[in-house]
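Source file: input.cif (mmCIF, C-alpha atoms)
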data_protein
#
loop_
_atom_site.group_PDB
_atom_site.id
_atom_site.type_symbol
_atom_site.label_atom_id
_atom_site.label_comp_id
_atom_site.auth_asym_id
_atom_site.auth_seq_id
_atom_site.Cartn_x
_atom_site.Cartn_y
_atom_site.Cartn_z
ATOM 1 C CA MET A 1 -55.633 -24.771 -25.625
ATOM 2 C CA LYS A 2 -58.032 -26.090 -23.030
ATOM 3 C CA LYS A 3 -58.523 -24.498 -19.659
ATOM 4 C CA SER A 4 -57.058 -27.563 -17.875
ATOM 5 C CA GLU A 5 -53.894 -27.387 -20.030
ATOM 6 C CA ARG A 6 -53.417 -23.719 -19.124
ATOM 7 C CA ARG A 7 -53.767 -24.557 -15.428
ATOM 8 C CA MET A 8 -51.236 -27.358 -15.768
ATOM 9 C CA ILE A 9 -48.688 -25.022 -17.458
ATOM 10 C CA LEU A 10 -49.275 -22.351 -14.782
ATOM 11 C CA VAL A 11 -48.750 -24.935 -12.007
ATOM 12 C CA LEU A 12 -45.528 -26.145 -13.644
ATOM 13 C CA ILE A 13 -44.238 -22.553 -13.925
ATOM 14 C CA ILE A 14 -45.008 -21.890 -10.241
ATOM 15 C CA ILE A 15 -43.254 -25.124 -9.216
ATOM 16 C CA ALA A 16 -40.212 -24.224 -11.362
ATOM 17 C CA ILE A 17 -40.006 -20.748 -9.756
ATOM 18 C CA ALA A 18 -40.272 -22.269 -6.268
ATOM 19 C CA VAL A 19 -37.491 -24.784 -7.003
ATOM 20 C CA ILE A 20 -35.218 -22.034 -8.370
ATOM 21 C CA ALA A 21 -35.887 -19.854 -5.304
ATOM 22 C CA VAL A 22 -35.006 -22.727 -2.949
ATOM 23 C CA LEU A 23 -31.783 -23.495 -4.850
ATOM 24 C CA VAL A 24 -30.700 -19.828 -4.814
ATOM 25 C CA ASN A 25 -31.420 -19.591 -1.094
ATOM 26 C CA ILE A 26 -29.377 -22.728 -0.349
ATOM 27 C CA ARG A 27 -26.483 -21.424 -2.439
ATOM 28 C CA ASN A 28 -26.501 -18.036 -0.651
ATOM 29 C CA LYS A 29 -26.397 -19.714 2.761
ATOM 30 C CA SER A 30 -23.340 -21.767 1.782
ATOM 31 C CA ASN A 31 -21.610 -18.632 0.423
ATOM 32 C CA ASN A 32 -22.279 -16.771 3.694
ATOM 33 C CA THR A 33 -20.643 -19.614 5.604
ATOM 34 C CA ASP A 34 -17.596 -19.318 3.306
ATOM 35 C CA ASP A 35 -17.524 -15.539 3.942
ATOM 36 C CA VAL A 36 -17.438 -16.102 7.711
ATOM 37 C CA VAL A 37 -14.513 -18.529 7.314
ATOM 38 C CA ASP A 38 -12.742 -16.070 4.943
ATOM 39 C CA ASN A 39 -13.240 -13.206 7.422
ATOM 40 C CA GLN A 40 -11.769 -15.313 10.231
ATOM 41 C CA VAL A 41 -8.701 -16.093 8.115
ATOM 42 C CA ILE A 42 -8.307 -12.419 7.195
ATOM 43 C CA GLU A 43 -8.572 -11.342 10.853
ATOM 44 C CA GLU A 44 -5.950 -13.932 11.850
ATOM 45 C CA ASN A 45 -3.608 -12.724 9.094
ATOM 46 C CA ILE A 46 -4.023 -9.094 10.176
ATOM 47 C CA THR A 47 -3.326 -10.002 13.796
ATOM 48 C CA GLN A 48 -0.176 -11.876 12.762
ATOM 49 C CA SER A 49 1.011 -9.100 10.440
ATOM 50 C CA GLN A 50 0.524 -6.417 13.089
ATOM 51 C CA GLU A 51 3.499 -7.901 14.918
ATOM 52 C CA VAL A 52 5.856 -6.299 12.412
ATOM 53 C CA GLY A 53 7.978 -3.812 14.303
ATOM 54 C CA GLU A 54 8.272 -0.863 16.618
ATOM 55 C CA PHE A 55 7.827 1.788 13.906
ATOM 56 C CA VAL A 56 5.131 0.123 11.799
ATOM 57 C CA GLN A 57 1.374 0.418 11.892
ATOM 58 C CA VAL A 58 -0.719 -1.982 9.808
ATOM 59 C CA LEU A 59 -3.606 -0.265 8.034
ATOM 60 C CA GLU A 60 -6.987 -1.864 7.312
ATOM 61 C CA ASP A 61 -5.964 -2.818 3.762
ATOM 62 C CA GLY A 62 -2.833 -4.601 5.026
ATOM 63 C CA THR A 63 -0.429 -1.775 4.151
ATOM 64 C CA LYS A 64 2.473 -1.419 6.576
ATOM 65 C CA GLN A 65 2.881 2.318 7.297
ATOM 66 C CA ASN A 66 6.050 3.577 8.995
ATOM 67 C CA VAL A 67 5.234 5.846 11.958
ATOM 68 C CA SER A 68 8.742 6.863 13.070
ATOM 69 C CA ASP A 69 8.833 10.567 13.924
ATOM 70 C CA LYS A 70 12.553 10.655 13.116
ATOM 71 C CA LEU A 71 11.996 9.268 9.613
ATOM 72 C CA ALA A 72 9.222 11.827 8.983
ATOM 73 C CA GLU A 73 11.418 14.837 9.851
ATOM 74 C CA THR A 74 12.196 17.255 7.020
ATOM 75 C CA LYS A 75 15.720 16.675 5.696
ATOM 76 C CA THR A 76 18.011 18.889 3.636
ATOM 77 C CA PHE A 77 20.916 17.946 1.389
ATOM 78 C CA SER A 78 22.761 19.899 -1.282
ATOM 79 C CA ASN A 79 20.175 22.419 -2.576
ATOM 80 C CA TYR A 80 17.165 20.251 -1.753
ATOM 81 C CA GLU A 81 14.649 19.988 1.068
ATOM 82 C CA VAL A 82 12.805 16.667 1.542
ATOM 83 C CA SER A 83 9.453 16.768 3.374
ATOM 84 C CA ASN A 84 6.128 14.907 3.691
ATOM 85 C CA ILE A 85 8.063 11.655 3.865
ATOM 86 C CA GLU A 86 6.138 8.372 3.839
ATOM 87 C CA LEU A 87 7.521 4.861 4.010
ATOM 88 C CA ARG A 88 5.121 1.995 3.399
ATOM 89 C CA GLU A 89 4.975 -1.605 2.228
ATOM 90 C CA LYS A 90 2.137 -3.419 0.494
ATOM 91 C CA ASP A 91 1.987 -6.578 -1.574
ATOM 92 C CA GLY A 92 5.764 -7.056 -1.509
ATOM 93 C CA LYS A 93 6.543 -3.494 -2.664
ATOM 94 C CA CYS A 94 8.143 -1.102 -0.222
ATOM 95 C CA GLU A 95 8.271 2.540 -1.258
ATOM 96 C CA ILE A 96 9.466 5.894 -0.053
ATOM 97 C CA LEU A 97 7.340 8.851 -1.065
ATOM 98 C CA ALA A 98 8.329 12.460 -0.420
ATOM 99 C CA ASP A 99 8.201 16.022 -1.672
ATOM 100 C CA VAL A 100 11.547 17.398 -2.831
ATOM 101 C CA LYS A 101 11.975 21.160 -3.140
ATOM 102 C CA ASN A 102 14.824 22.955 -4.895
ATOM 103 C CA ILE A 103 15.880 25.484 -2.253
ATOM 104 C CA GLY A 104 18.774 26.720 -4.396
ATOM 105 C CA THR A 105 18.825 29.715 -6.720
ATOM 106 C CA THR A 106 19.497 27.839 -9.954
ATOM 107 C CA LYS A 107 17.746 25.148 -11.948
ATOM 108 C CA ALA A 108 18.799 21.649 -10.887
ATOM 109 C CA ASP A 109 19.379 19.011 -13.544
ATOM 110 C CA VAL A 110 18.485 15.331 -13.201
ATOM 111 C CA VAL A 111 20.091 13.909 -10.061
ATOM 112 C CA LEU A 112 20.647 10.317 -8.942
ATOM 113 C CA LEU A 113 20.189 9.754 -5.210
ATOM 114 C CA ASP A 114 21.352 7.318 -2.559
ATOM 115 C CA ILE A 115 18.696 6.862 0.134
ATOM 116 C CA THR A 116 20.083 4.984 3.138
ATOM 117 C CA LEU A 117 17.586 3.628 5.654
ATOM 118 C CA LEU A 118 18.777 3.280 9.237
ATOM 119 C CA ASP A 119 17.647 1.300 12.271
ATOM 120 C CA LYS A 120 17.203 2.833 15.742
ATOM 121 C CA ASP A 121 20.915 2.351 16.516
ATOM 122 C CA GLY A 122 22.000 4.167 13.344
ATOM 123 C CA ASN A 123 23.001 0.985 11.529
ATOM 124 C CA GLU A 124 22.387 0.815 7.791
ATOM 125 C CA ILE A 125 19.453 -1.382 6.762
ATOM 126 C CA VAL A 126 19.602 -0.783 3.010
ATOM 127 C CA THR A 127 20.556 1.846 0.450
ATOM 128 C CA ILE A 128 18.230 2.300 -2.478
ATOM 129 C CA GLY A 129 18.414 4.611 -5.443
ATOM 130 C CA GLY A 130 16.182 7.450 -6.432
ATOM 131 C CA ILE A 131 15.989 10.021 -9.215
ATOM 132 C CA ILE A 132 14.957 13.655 -9.170
ATOM 133 C CA GLY A 133 14.232 15.276 -12.522
ATOM 134 C CA ASN A 134 14.907 18.874 -13.554
ATOM 135 C CA VAL A 135 13.728 21.221 -10.812
ATOM 136 C CA GLU A 136 13.406 24.983 -11.036
ATOM 137 C CA PRO A 137 14.344 27.124 -7.986
ATOM 138 C CA GLY A 138 11.475 27.006 -5.480
ATOM 139 C CA GLN A 139 9.756 24.164 -7.355
ATOM 140 C CA THR A 140 8.649 21.007 -5.519
ATOM 141 C CA VAL A 141 8.562 17.587 -7.187
ATOM 142 C CA LYS A 142 7.558 14.124 -5.971
ATOM 143 C CA LEU A 143 10.104 11.466 -5.090
ATOM 144 C CA ASN A 144 9.020 7.838 -5.350
ATOM 145 C CA SER A 145 11.618 5.160 -4.765
ATOM 146 C CA ALA A 146 10.673 1.503 -4.386
ATOM 147 C CA SER A 147 12.096 -1.901 -3.604
ATOM 148 C CA THR A 148 10.843 -5.465 -3.258
ATOM 149 C CA ALA A 149 12.621 -5.753 0.110
ATOM 150 C CA ASP A 150 10.530 -4.877 3.172
ATOM 151 C CA PHE A 151 12.322 -2.135 5.096
ATOM 152 C CA SER A 152 9.152 -0.567 6.499
ATOM 153 C CA ASN A 153 10.439 -0.708 10.099
ATOM 154 C CA ALA A 154 13.249 1.808 9.491
ATOM 155 C CA TYR A 155 13.817 4.475 12.133
ATOM 156 C CA ASP A 156 15.492 7.161 10.034
ATOM 157 C CA PHE A 157 17.186 7.742 6.688
ATOM 158 C CA THR A 158 19.891 9.803 5.067
ATOM 159 C CA ILE A 159 19.773 11.068 1.520
ATOM 160 C CA LYS A 160 22.561 12.339 -0.659
ATOM 161 C CA ILE A 161 23.468 12.793 -4.310
ATOM 162 C CA SER A 162 24.877 9.546 -5.646
ATOM 163 C CA GLU A 163 28.540 9.419 -6.581
ATOM 164 C CA GLN A 164 27.537 7.500 -9.728
ATOM 165 C CA GLN A 165 26.397 10.635 -11.588
#
Conversion result in structure tokens:
Amino acid sequence: MKKSERRMILVLIIIAIAVIAVLVNIRNKSNNTDDVVDNQVIEENITQSQEVGEFVQVLEDGTKQNVSDKLAETKTFSNYEVSNIELREKDGKCEILADVKNIGTTKADVVLLDITLLDKDGNEIVTIGGIIGNVEPGQTVKLNSASTADFSNAYDFTIKISEQQ
């Protein structure tokens, strides 16, 4: 290969690299513009969703977290104590999470629950079911009950053993 042919190939390679660099740079600038528009839409959605209710705080990821002190109070029913209560909604799924401790002196078998959420005036919003498995005396288990209805703005709740045992 002659020296002039080598130079020509080298020049073509440099031109090809320059063209690719320019195209990548142009593409990145258009993507950054899309990101700015996407961020504006996200901020608008968060602002709109923060207007959700007196007892709800919207977290950065869009989760609606219930902040009612009354709902978070430890509750007792039958031989159980319910504590560390959380009520949150995300992506169309509303769930109640809590610790349930057997405060009785005997092992508790599987129990079906009725969890009734209440508004500030004590009116029933919804009753959802829950299940607690076998629990030894003094043992604490997790309760997780969910629904596709958004009841994240509840003020309080009652919990009892379901009559459908």
Shell around range 151-160 of chain A at 9 Å using only C-alpha atoms, local window under 5 positions removed, as a VMD selection string
chain A and resid 52 to 56 64 to 73 75 to 78 82 87 to 89 94 to 95 112 to 122 124 to 126
Would you save the residues from that selection as a PDB file, keeping the file's coordinate frame, using C-alpha atoms?
ATOM      1  CA  VAL A  52       5.856  -6.299  12.412  1.00  0.00           C
ATOM      2  CA  GLY A  53       7.978  -3.812  14.303  1.00  0.00           C
ATOM      3  CA  GLU A  54       8.272  -0.863  16.618  1.00  0.00           C
ATOM      4  CA  PHE A  55       7.827   1.788  13.906  1.00  0.00           C
ATOM      5  CA  VAL A  56       5.131   0.123  11.799  1.00  0.00           C
ATOM      6  CA  LYS A  64       2.473  -1.419   6.576  1.00  0.00           C
ATOM      7  CA  GLN A  65       2.881   2.318   7.297  1.00  0.00           C
ATOM      8  CA  ASN A  66       6.050   3.577   8.995  1.00  0.00           C
ATOM      9  CA  VAL A  67       5.234   5.846  11.958  1.00  0.00           C
ATOM     10  CA  SER A  68       8.742   6.863  13.070  1.00  0.00           C
ATOM     11  CA  ASP A  69       8.833  10.567  13.924  1.00  0.00           C
ATOM     12  CA  LYS A  70      12.553  10.655  13.116  1.00  0.00           C
ATOM     13  CA  LEU A  71      11.996   9.268   9.613  1.00  0.00           C
ATOM     14  CA  ALA A  72       9.222  11.827   8.983  1.00  0.00           C
ATOM     15  CA  GLU A  73      11.418  14.837   9.851  1.00  0.00           C
ATOM     16  CA  LYS A  75      15.720  16.675   5.696  1.00  0.00           C
ATOM     17  CA  THR A  76      18.011  18.889   3.636  1.00  0.00           C
ATOM     18  CA  PHE A  77      20.916  17.946   1.389  1.00  0.00           C
ATOM     19  CA  SER A  78      22.761  19.899  -1.282  1.00  0.00           C
ATOM     20  CA  VAL A  82      12.805  16.667   1.542  1.00  0.00           C
ATOM     21  CA  LEU A  87       7.521   4.861   4.010  1.00  0.00           C
ATOM     22  CA  ARG A  88       5.121   1.995   3.399  1.00  0.00           C
ATOM     23  CA  GLU A  89       4.975  -1.605   2.228  1.00  0.00           C
ATOM     24  CA  CYS A  94       8.143  -1.102  -0.222  1.00  0.00           C
ATOM     25  CA  GLU A  95       8.271   2.540  -1.258  1.00  0.00           C
ATOM     26  CA  LEU A 112      20.647  10.317  -8.942  1.00  0.00           C
ATOM     27  CA  LEU A 113      20.189   9.754  -5.210  1.00  0.00           C
ATOM     28  CA  ASP A 114      21.352   7.318  -2.559  1.00  0.00           C
ATOM     29  CA  ILE A 115      18.696   6.862   0.134  1.00  0.00           C
ATOM     30  CA  THR A 116      20.083   4.984   3.138  1.00  0.00           C
ATOM     31  CA  LEU A 117      17.586   3.628   5.654  1.00  0.00           C
ATOM     32  CA  LEU A 118      18.777   3.280   9.237  1.00  0.00           C
ATOM     33  CA  ASP A 119      17.647   1.300  12.271  1.00  0.00           C
ATOM     34  CA  LYS A 120      17.203   2.833  15.742  1.00  0.00           C
ATOM     35  CA  ASP A 121      20.915   2.351  16.516  1.00  0.00           C
ATOM     36  CA  GLY A 122      22.000   4.167  13.344  1.00  0.00           C
ATOM     37  CA  GLU A 124      22.387   0.815   7.791  1.00  0.00           C
ATOM     38  CA  ILE A 125      19.453  -1.382   6.762  1.00  0.00           C
ATOM     39  CA  VAL A 126      19.602  -0.783   3.010  1.00  0.00           C
TER      40      VAL A 126
END
For the PyMOL selection byres ((chain A and resi 83) around 7), applied here, can you spell out every residue it catches as a PyMOL selection string?
chain A and resi 74-75+81-82+84-85+98-100
Between CA of Ser147 in chain A and CA of Ile128 in chain A, distance in Å (one decimal)
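Between CA of Ser147 in chain A and CA of Ile128 in chain A the gap is 7.5 Å.
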Would you write out, as a short mmCIF file (atom, residue, chain, number, x, y, z; two decimals) with C-alpha atoms, in the coordinates of the input, every residue that the PyMOL selection byres ((chain A and resi 109) around 8) captures in this file?
data_model
loop_
_atom_site.label_atom_id
_atom_site.label_comp_id
_atom_site.auth_asym_id
_atom_site.auth_seq_id
_atom_site.Cartn_x
_atom_site.Cartn_y
_atom_site.Cartn_z
CA LYS A 107 17.75 25.15 -11.95
CA ALA A 108 18.80 21.65 -10.89
CA VAL A 110 18.48 15.33 -13.20
CA VAL A 111 20.09 13.91 -10.06
CA GLY A 133 14.23 15.28 -12.52
CA ASN A 134 14.91 18.87 -13.55
CA VAL A 135 13.73 21.22 -10.81
#
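For Ile103 in chain A, the residues within 6 Å (counting only C-alpha atoms, excluding itself and residues fewer than 5 positions away along the chain) are Asn79, Tyr80 and Gly138 of chain A.
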Selection export as a short mmCIF file (atom, residue, chain, number, x, y, z; two decimals), keeping the file's coordinate frame, atoms kept: C-alpha atoms:
data_model
loop_
_atom_site.label_atom_id
_atom_site.label_comp_id
_atom_site.auth_asym_id
_atom_site.auth_seq_id
_atom_site.Cartn_x
_atom_site.Cartn_y
_atom_site.Cartn_z
CA ASN A 79 20.18 22.42 -2.58
CA TYR A 80 17.16 20.25 -1.75
CA GLY A 138 11.48 27.01 -5.48
#
Please measure the separation of CA of Thr140 in chain A and CA of Ile161 in chain A, giving the value in Å to one decimal.
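It comes out at 17.0 Å.
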Could range 54-76 of chain A be completed with N, CA and C atoms and written as an mmCIF file, in the coordinates of the input, please?
data_model
loop_
_atom_site.group_PDB
_atom_site.id
_atom_site.type_symbol
_atom_site.label_atom_id
_atom_site.label_comp_id
_atom_site.auth_asym_id
_atom_site.auth_seq_id
_atom_site.Cartn_x
_atom_site.Cartn_y
_atom_site.Cartn_z
ATOM 1 N N GLU A 54 8.517 -2.002 15.744
ATOM 2 C CA GLU A 54 8.272 -0.863 16.618
ATOM 3 C C GLU A 54 7.743 0.366 15.872
ATOM 4 N N PHE A 55 8.178 0.571 14.633
ATOM 5 C CA PHE A 55 7.827 1.788 13.906
ATOM 6 C C PHE A 55 6.841 1.540 12.767
ATOM 7 N N VAL A 56 6.056 0.474 12.872
ATOM 8 C CA VAL A 56 5.131 0.123 11.799
ATOM 9 C C VAL A 56 3.720 -0.006 12.348
ATOM 10 N N GLN A 57 2.797 0.574 11.603
ATOM 11 C CA GLN A 57 1.374 0.418 11.892
ATOM 12 C C GLN A 57 0.755 -0.265 10.676
ATOM 13 N N VAL A 58 -0.069 -1.281 10.910
ATOM 14 C CA VAL A 58 -0.719 -1.982 9.808
ATOM 15 C C VAL A 58 -2.095 -1.363 9.592
ATOM 16 N N LEU A 59 -2.333 -0.879 8.375
ATOM 17 C CA LEU A 59 -3.606 -0.265 8.034
ATOM 18 C C LEU A 59 -4.640 -1.332 7.696
ATOM 19 N N GLU A 60 -5.895 -0.921 7.571
ATOM 20 C CA GLU A 60 -6.987 -1.864 7.312
ATOM 21 C C GLU A 60 -6.776 -2.693 6.051
ATOM 22 N N ASP A 61 -6.158 -2.093 5.029
ATOM 23 C CA ASP A 61 -5.964 -2.818 3.762
ATOM 24 C C ASP A 61 -4.706 -3.684 3.763
ATOM 25 N N GLY A 62 -4.026 -3.774 4.922
ATOM 26 C CA GLY A 62 -2.833 -4.601 5.026
ATOM 27 C C GLY A 62 -1.539 -3.854 4.761
ATOM 28 N N THR A 63 -1.626 -2.582 4.389
ATOM 29 C CA THR A 63 -0.429 -1.775 4.151
ATOM 30 C C THR A 63 0.310 -1.551 5.466
ATOM 31 N N LYS A 64 1.627 -1.736 5.425
ATOM 32 C CA LYS A 64 2.473 -1.419 6.576
ATOM 33 C C LYS A 64 2.939 0.027 6.418
ATOM 34 N N GLN A 65 2.556 0.887 7.345
ATOM 35 C CA GLN A 65 2.881 2.318 7.297
ATOM 36 C C GLN A 65 3.899 2.617 8.388
ATOM 37 N N ASN A 66 5.044 3.196 8.018
ATOM 38 C CA ASN A 66 6.050 3.577 8.995
ATOM 39 C C ASN A 66 5.549 4.788 9.776
ATOM 40 N N VAL A 67 5.707 4.757 11.104
ATOM 41 C CA VAL A 67 5.234 5.846 11.958
ATOM 42 C C VAL A 67 6.367 6.480 12.770
ATOM 43 N N SER A 68 7.604 6.283 12.365
ATOM 44 C CA SER A 68 8.742 6.863 13.070
ATOM 45 C C SER A 68 8.763 8.378 12.876
ATOM 46 N N ASP A 69 8.754 9.103 13.989
ATOM 47 C CA ASP A 69 8.833 10.567 13.924
ATOM 48 C C ASP A 69 10.158 11.024 13.319
ATOM 49 N N LYS A 70 11.221 10.302 13.631
ATOM 50 C CA LYS A 70 12.553 10.655 13.116
ATOM 51 C C LYS A 70 12.605 10.537 11.597
ATOM 52 N N LEU A 71 12.009 9.462 11.061
ATOM 53 C CA LEU A 71 11.996 9.268 9.613
ATOM 54 C C LEU A 71 11.180 10.371 8.933
ATOM 55 N N ALA A 72 10.124 10.832 9.590
ATOM 56 C CA ALA A 72 9.222 11.827 8.983
ATOM 57 C C ALA A 72 9.757 13.256 9.043
ATOM 58 N N GLU A 73 10.862 13.481 9.755
ATOM 59 C CA GLU A 73 11.418 14.837 9.851
ATOM 60 C C GLU A 73 11.883 15.336 8.483
ATOM 61 N N THR A 74 11.711 16.635 8.253
ATOM 62 C CA THR A 74 12.196 17.255 7.020
ATOM 63 C C THR A 74 13.718 17.192 6.999
ATOM 64 N N LYS A 75 14.269 16.803 5.854
ATOM 65 C CA LYS A 75 15.720 16.675 5.696
ATOM 66 C C LYS A 75 16.190 17.623 4.591
ATOM 67 N N THR A 76 17.418 18.085 4.699
ATOM 68 C CA THR A 76 18.011 18.889 3.636
ATOM 69 C C THR A 76 19.334 18.266 3.218
#
